[in-house]
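Single-structure report; data block below.
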Amino acid sequence: MSIPQQGGGPIERPEQLAEYIASGEKPKDSWRIGTEHEKFGYRHSDLMPLPYEAPAGQPSVKAMLEGLRERFGWTPVLEAGHIIGLERDGANVSLEPGGQLELSGAPLETIHQTCDEVNSHLAEVREIADKLGAGFIGLGAAPIWRQDQMPMMPKGRYRLMTDYMGRVGTLGTQMMYRTCTVQVNLDFASEADMVQKLRVALALQPVANALFANSPFLDGKPNGWKSWRAHIWQNLDAARTGMLPFVFQDGMGYEAWVDYVLDVPMYFVYRDGKYIDALGQSFRDFLKGQLPALPGEVPTLSDWADHLTTVFPEARVKKFIEMRGADGGPWRRLCALPAFWVGLIYDQAALDAAWDLVKGWDAETREGWRREAGLHALDAEVGGRKMRDLAREVVAISEAGLKARARPGNGRLVPDETHFLDALKESIDSGKVPADELLAKYHGEWQQDLTPIYSEYSY
């Protein structure tokens, strides 16, 4: 979840909403890669989730953040006197509602750099966690913990969202407290470039979901899905999730995105360090100075930036595009996800090839892939086409894009970024994704006992 946005005066013209998004445009040589990933923390003593606070000497989320701050020079982020995040060198560490620890990486030039950043972060986390008696694991959904066992982090935004999620969908609170993702944030050069990238991003999110599917368990047993996290996002809040058919219609651009976001009900307004309840209210009314939560007050650009973070489709536009369809997972997949998307959309020939692949799909086909990917991963099939074959074609396009980028690493000993796709190619060759591996262990050597997952799959 995003931290409060800062800066920007009052919105005096409606055009400022689209201009804010357009201000993210960058020439190709300035495009960067921002990777985000979340992970569950737990106590070694009883394999239960980390509470926010605990008695001295016992593991907690707060102790993790304070340890990272003291040992590695992070700057704390506070809310109402509580440490709820960290900042350093363009990156930040934040908390999801159930205590999931998230790294939002700095904008970097290559996948080599982003993977180094992820590895460095995980090493820091492990050093502090080991001293505390804690561990961290990358999965798309908490495999054993019940909803009532999940802690709530001391963030005003989450208190408001928890109440609202319980009213508008069936699985919203599960999303908040019991899921983890890995995503990548990428740039665009122009309105037309944004539109093409967003269309490809939305259409192919199910491929990412299939390749990264890693949440086959819930409440200690198989849940019938390869990605339960995908199922959750399909049953959350229809007003702010989905595959967004309007994106594929004529006239799509910044203004169309603004119109969509304006129709999404608000969660809050952030003022003076506090979250003001605006649940279900309209940003359109806010623009008129008629928001019930703040009568007579008009929004600032930071309010608009905050509101942009409260829409949750499969791909999202802010001043960049967020790819949101993948489950959290093992470290190789944390590097593979940005490689997958950078290869597809940072090389024009690859982007054109990806668009050629999906431009004939209708909304029903796109939604069909979304539904089937969560259920069956690479075994999904829509309209007679198999996901495994589609994924093979998509990864080949991505690989060609990474070869064309030709960004070397390791002192130029590695000629490009294509090796970061190896984990995905192995899955396509075998037909097995992380969820399949977990299910095989559950029904085999683990003898339907999920506790070994922590020792075998923690970072």
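Ligands are numbered from 1 in the order shown, residues from 1 within each chain, and chains are lettered A, B, ... in the order they appear in the structure tokens.
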With only C-alpha atoms counted and 9 Å as the cut-off, give the residues of range 321-355 of chain A in contact with range 167-181 of chain A, each with its shortest interatomic distance in Å and the pair that gives it, as a Markdown table.
```
| residue | atom | partner | partner_atom | distance |
| --- | --- | --- | --- | --- |
| A:Arg324 | CA | A:Thr181 | CA | 7.6 |
| A:Gly325 | CA | A:Thr181 | CA | 7.9 |
| A:Ala326 | CA | A:Thr181 | CA | 5.8 |
| A:Asp327 | CA | A:Thr181 | CA | 4.5 |
| A:Gly328 | CA | A:Thr181 | CA | 4.1 |
| A:Gly329 | CA | A:Thr181 | CA | 7.8 |
```
Query - Contacts of range 358-375 of chain A at 10 Å (only C-alpha atoms; same-chain gap of 5+ positions) as a VMD selection string - result: chain A and resid 199 to 200 202 to 216 223 to 234 242 to 246 248 314 325 353 380 to 383 386 to 387
With N, CA and C atoms retained, could you export that selection as a CSV table (one decimal), in the first residue's frame?
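Listing of out34.csv after writing:
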```
chain,number,residue,atom,x,y,z
A,199,ARG,N,-2.6,-1.2,-22.5
A,199,ARG,CA,-3.4,-2.2,-23.1
A,199,ARG,C,-2.7,-3.6,-23.1
A,200,VAL,N,-1.4,-3.6,-23.4
A,200,VAL,CA,-0.6,-4.8,-23.3
A,200,VAL,C,-0.5,-5.3,-21.9
A,202,LEU,N,-2.6,-4.8,-19.4
A,202,LEU,CA,-3.8,-5.4,-18.9
A,202,LEU,C,-4.1,-6.8,-19.5
A,203,ALA,N,-3.9,-6.8,-20.9
A,203,ALA,CA,-4.2,-8.1,-21.6
A,203,ALA,C,-3.4,-9.2,-21.1
A,204,LEU,N,-2.1,-9.0,-20.8
A,204,LEU,CA,-1.2,-10.0,-20.5
A,204,LEU,C,-0.9,-10.2,-19.0
A,205,GLN,N,-1.6,-9.5,-18.1
A,205,GLN,CA,-1.5,-9.8,-16.7
A,205,GLN,C,-1.8,-11.2,-16.4
A,206,PRO,N,-2.8,-11.9,-17.0
A,206,PRO,CA,-3.1,-13.3,-16.7
A,206,PRO,C,-1.9,-14.2,-17.0
A,207,VAL,N,-1.1,-13.8,-18.0
A,207,VAL,CA,0.1,-14.6,-18.2
A,207,VAL,C,1.1,-14.5,-17.0
A,208,ALA,N,1.2,-13.3,-16.6
A,208,ALA,CA,2.1,-13.1,-15.4
A,208,ALA,C,1.5,-13.8,-14.2
A,209,ASN,N,0.2,-13.8,-14.0
A,209,ASN,CA,-0.4,-14.4,-12.9
A,209,ASN,C,-0.2,-15.9,-13.0
A,210,ALA,N,-0.3,-16.5,-14.2
A,210,ALA,CA,-0.1,-17.9,-14.3
A,210,ALA,C,1.3,-18.3,-14.0
A,211,LEU,N,2.3,-17.6,-14.6
A,211,LEU,CA,3.7,-17.9,-14.4
A,211,LEU,C,4.2,-17.8,-12.9
A,212,PHE,N,3.5,-16.8,-12.2
A,212,PHE,CA,4.0,-16.5,-10.9
A,212,PHE,C,3.0,-17.1,-9.8
A,213,ALA,N,2.0,-17.9,-10.2
A,213,ALA,CA,1.0,-18.4,-9.3
A,213,ALA,C,1.7,-19.2,-8.1
A,214,ASN,N,1.3,-18.7,-6.9
A,214,ASN,CA,2.1,-19.2,-5.8
A,214,ASN,C,1.2,-19.1,-4.5
A,215,SER,N,-0.1,-19.3,-4.6
A,215,SER,CA,-0.9,-19.2,-3.4
A,215,SER,C,-2.0,-20.3,-3.5
A,216,PRO,N,-1.6,-21.6,-3.4
A,216,PRO,CA,-2.6,-22.7,-3.6
A,216,PRO,C,-3.2,-23.1,-2.2
A,223,ASN,N,-6.8,-24.8,-1.6
A,223,ASN,CA,-8.0,-24.0,-1.8
A,223,ASN,C,-8.7,-24.2,-3.2
A,224,GLY,N,-8.1,-25.0,-4.0
A,224,GLY,CA,-8.6,-25.2,-5.4
A,224,GLY,C,-8.1,-24.3,-6.4
A,225,TRP,N,-7.3,-23.3,-6.1
A,225,TRP,CA,-6.7,-22.4,-7.0
A,225,TRP,C,-5.2,-22.5,-7.0
A,226,LYS,N,-4.6,-22.2,-8.2
A,226,LYS,CA,-3.1,-22.1,-8.2
A,226,LYS,C,-2.8,-20.7,-7.6
A,227,SER,N,-3.6,-19.7,-7.8
A,227,SER,CA,-3.4,-18.4,-7.3
A,227,SER,C,-4.7,-18.0,-6.6
A,228,TRP,N,-4.8,-18.2,-5.3
A,228,TRP,CA,-5.9,-17.7,-4.5
A,228,TRP,C,-5.9,-16.2,-4.5
A,229,ARG,N,-4.7,-15.6,-4.5
A,229,ARG,CA,-4.6,-14.2,-4.6
A,229,ARG,C,-5.4,-13.6,-5.8
A,230,ALA,N,-5.3,-14.3,-6.9
A,230,ALA,CA,-6.0,-13.9,-8.1
A,230,ALA,C,-7.5,-14.0,-7.9
A,231,HIS,N,-8.0,-15.0,-7.2
A,231,HIS,CA,-9.4,-15.2,-6.9
A,231,HIS,C,-9.9,-14.0,-6.0
A,232,ILE,N,-9.0,-13.7,-5.0
A,232,ILE,CA,-9.4,-12.6,-4.1
A,232,ILE,C,-9.6,-11.3,-4.9
A,233,TRP,N,-8.7,-11.0,-5.9
A,233,TRP,CA,-8.9,-9.7,-6.6
A,233,TRP,C,-10.1,-9.8,-7.6
A,234,GLN,N,-10.6,-11.0,-7.9
A,234,GLN,CA,-11.8,-11.0,-8.7
A,234,GLN,C,-13.0,-10.9,-7.9
A,242,GLY,N,-10.3,-5.0,-11.8
A,242,GLY,CA,-10.7,-5.6,-13.1
A,242,GLY,C,-9.8,-5.3,-14.2
A,243,MET,N,-10.3,-5.7,-15.4
A,243,MET,CA,-9.5,-5.6,-16.6
A,243,MET,C,-9.8,-4.4,-17.5
A,244,LEU,N,-10.7,-3.6,-17.0
A,244,LEU,CA,-11.0,-2.2,-17.6
A,244,LEU,C,-11.2,-2.2,-19.1
A,245,PRO,N,-12.4,-2.8,-19.6
A,245,PRO,CA,-12.6,-2.8,-21.0
A,245,PRO,C,-12.5,-1.4,-21.7
A,246,PHE,N,-12.8,-0.3,-21.0
A,246,PHE,CA,-12.7,1.0,-21.6
A,246,PHE,C,-11.4,1.4,-22.1
A,248,PHE,N,-9.5,-0.3,-23.9
A,248,PHE,CA,-9.3,-0.9,-25.2
A,248,PHE,C,-10.2,-0.2,-26.3
A,314,GLU,N,-5.9,-4.6,-12.7
A,314,GLU,CA,-4.7,-5.4,-12.9
A,314,GLU,C,-3.5,-4.7,-13.4
A,325,GLY,N,-0.2,-8.1,-11.5
A,325,GLY,CA,-0.9,-9.4,-11.5
A,325,GLY,C,-0.2,-10.6,-10.9
A,353,ALA,N,4.9,-6.4,-31.1
A,353,ALA,CA,4.7,-7.8,-31.2
A,353,ALA,C,3.7,-8.3,-30.1
A,380,ALA,N,-4.3,-23.5,-17.8
A,380,ALA,CA,-5.5,-22.8,-18.2
A,380,ALA,C,-5.7,-22.9,-19.8
A,381,GLU,N,-6.9,-22.8,-20.2
A,381,GLU,CA,-7.3,-22.9,-21.6
A,381,GLU,C,-8.5,-22.0,-21.9
A,382,VAL,N,-8.4,-21.1,-22.9
A,382,VAL,CA,-9.5,-20.2,-23.3
A,382,VAL,C,-9.6,-20.3,-24.8
A,383,GLY,N,-10.8,-20.5,-25.2
A,383,GLY,CA,-11.1,-20.5,-26.7
A,383,GLY,C,-10.2,-21.5,-27.4
A,386,LYS,N,-4.1,-22.9,-25.2
A,386,LYS,CA,-3.6,-23.2,-23.9
A,386,LYS,C,-2.7,-22.1,-23.4
A,387,MET,N,-2.8,-21.9,-22.1
A,387,MET,CA,-1.9,-20.8,-21.5
A,387,MET,C,-0.5,-21.2,-21.6
```
Requested in this report: Identify, with DSSP run on backbone atoms, the residues in range 59-294 of chain A assigned to helix (DSSP H, G or I), and express the list as a PyMOL selection string.
Outcome: chain A and resi 61-72+111-132+147-149+156-168+172-178+191-211+228-233+245-248+254-262+283-287
Query raised in the report: With only C-alpha atoms as the atoms that count, which of A:Glu109, A:Asp436, A:Asp449, A:Asp352 lies nearest to Asp29 in chain A?
Result: A:Glu109
Need the shell around Gly289 in chain A: protein/DNA/RNA residues with any atom at most 12 Å away, counting only C-alpha atoms. Skip same-chain ones fewer than 3 positions apart. Format as a CSV table (one decimal) with N, CA and C atoms, in the first residue's frame?
```csv
chain,number,residue,atom,x,y,z
A,10,PRO,N,-3.6,23.6,-4.4
A,10,PRO,CA,-5.0,23.3,-4.7
A,10,PRO,C,-5.3,23.1,-6.2
A,11,ILE,N,-6.2,22.2,-6.5
A,11,ILE,CA,-6.6,22.0,-7.9
A,11,ILE,C,-7.6,23.1,-8.3
A,12,GLU,N,-7.1,23.9,-9.3
A,12,GLU,CA,-7.9,25.1,-9.7
A,12,GLU,C,-8.6,24.8,-11.0
A,282,SER,N,-17.4,11.1,-3.2
A,282,SER,CA,-17.0,11.3,-4.6
A,282,SER,C,-15.9,12.4,-4.7
A,283,PHE,N,-14.9,12.1,-5.5
A,283,PHE,CA,-13.8,13.1,-5.8
A,283,PHE,C,-14.4,14.1,-6.7
A,284,ARG,N,-15.4,13.8,-7.4
A,284,ARG,CA,-16.0,14.9,-8.3
A,284,ARG,C,-16.7,16.0,-7.4
A,285,ASP,N,-17.3,15.5,-6.3
A,285,ASP,CA,-17.9,16.5,-5.3
A,285,ASP,C,-16.7,17.3,-4.6
A,286,PHE,N,-15.6,16.6,-4.4
A,286,PHE,CA,-14.5,17.2,-3.8
A,286,PHE,C,-14.0,18.4,-4.6
A,292,PRO,N,-18.6,15.9,1.7
A,292,PRO,CA,-19.1,15.9,3.1
A,292,PRO,C,-18.0,15.8,4.2
A,293,ALA,N,-16.9,15.1,3.9
A,293,ALA,CA,-15.9,15.0,4.9
A,293,ALA,C,-15.1,16.3,5.1
A,294,LEU,N,-15.1,17.2,4.1
A,294,LEU,CA,-14.4,18.5,4.2
A,294,LEU,C,-15.2,19.6,3.5
A,295,PRO,N,-16.4,19.9,4.0
A,295,PRO,CA,-17.2,20.9,3.2
A,295,PRO,C,-16.5,22.2,3.0
A,296,GLY,N,-16.6,22.7,1.8
A,296,GLY,CA,-16.0,24.0,1.4
A,296,GLY,C,-14.6,23.9,1.0
A,297,GLU,N,-14.0,22.8,1.2
A,297,GLU,CA,-12.5,22.6,0.8
A,297,GLU,C,-12.4,21.9,-0.5
A,298,VAL,N,-11.4,22.4,-1.3
A,298,VAL,CA,-11.1,21.7,-2.6
A,298,VAL,C,-9.9,20.9,-2.5
A,299,PRO,N,-9.7,19.9,-3.3
A,299,PRO,CA,-8.5,19.0,-3.2
A,299,PRO,C,-7.2,19.7,-3.7
A,300,THR,N,-6.1,19.1,-3.2
A,300,THR,CA,-4.8,19.5,-3.7
A,300,THR,C,-4.3,18.4,-4.7
```
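Closest approach to Ser45 in chain A among A:Gly81, A:Gly133, A:Pro265, A:Gly273: A:Gly133, based on only C-alpha atoms.
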Requested in this report: For range 100-105 of chain A, work out the shell of residues within 7 Å, counting only C-alpha atoms and skipping chain neighbours fewer than 3 positions away, then give it as number ranges by chain.
Outcome: A: 34-41, 91-96
Report summary line: From the list A:Ala404, A:Val264, A:Leu421, A:Leu198, the nearest residue to Ala354 in chain A using only C-alpha atoms is A:Leu198
Report summary line: In terms of only C-alpha atoms, the residue from A:Leu132, A:Ala440, A:Cys335, A:Ile345 at minimal distance from Pro55 in chain A is A:Leu132
Report task. Can you check which residues of range 210-260 of chain A DSSP gives as strand (DSSP E) on the backbone and send them as number ranges by chain? Result -> A: 217-218, 221-222
Keeping C-alpha atoms, export the residues of the selection given above as a CSV table (one decimal), in the first residue's frame.
```
chain,number,residue,atom,x,y,z
A,217,PHE,CA,-3.3,-22.9,0.2
A,218,LEU,CA,-5.7,-21.2,2.6
A,221,LYS,CA,-5.2,-26.8,3.1
A,222,PRO,CA,-5.4,-26.5,-0.7
```
Report task. Determine, counting only C-alpha atoms, which protein, DNA and RNA residues have an atom within 9 Å of an atom of Val125 in chain A; residues of the same chain fewer than 6 positions away are not included. Present the result as JSON, numbers by chain. Result -> {"A": [64, 67, 68, 135, 136]}
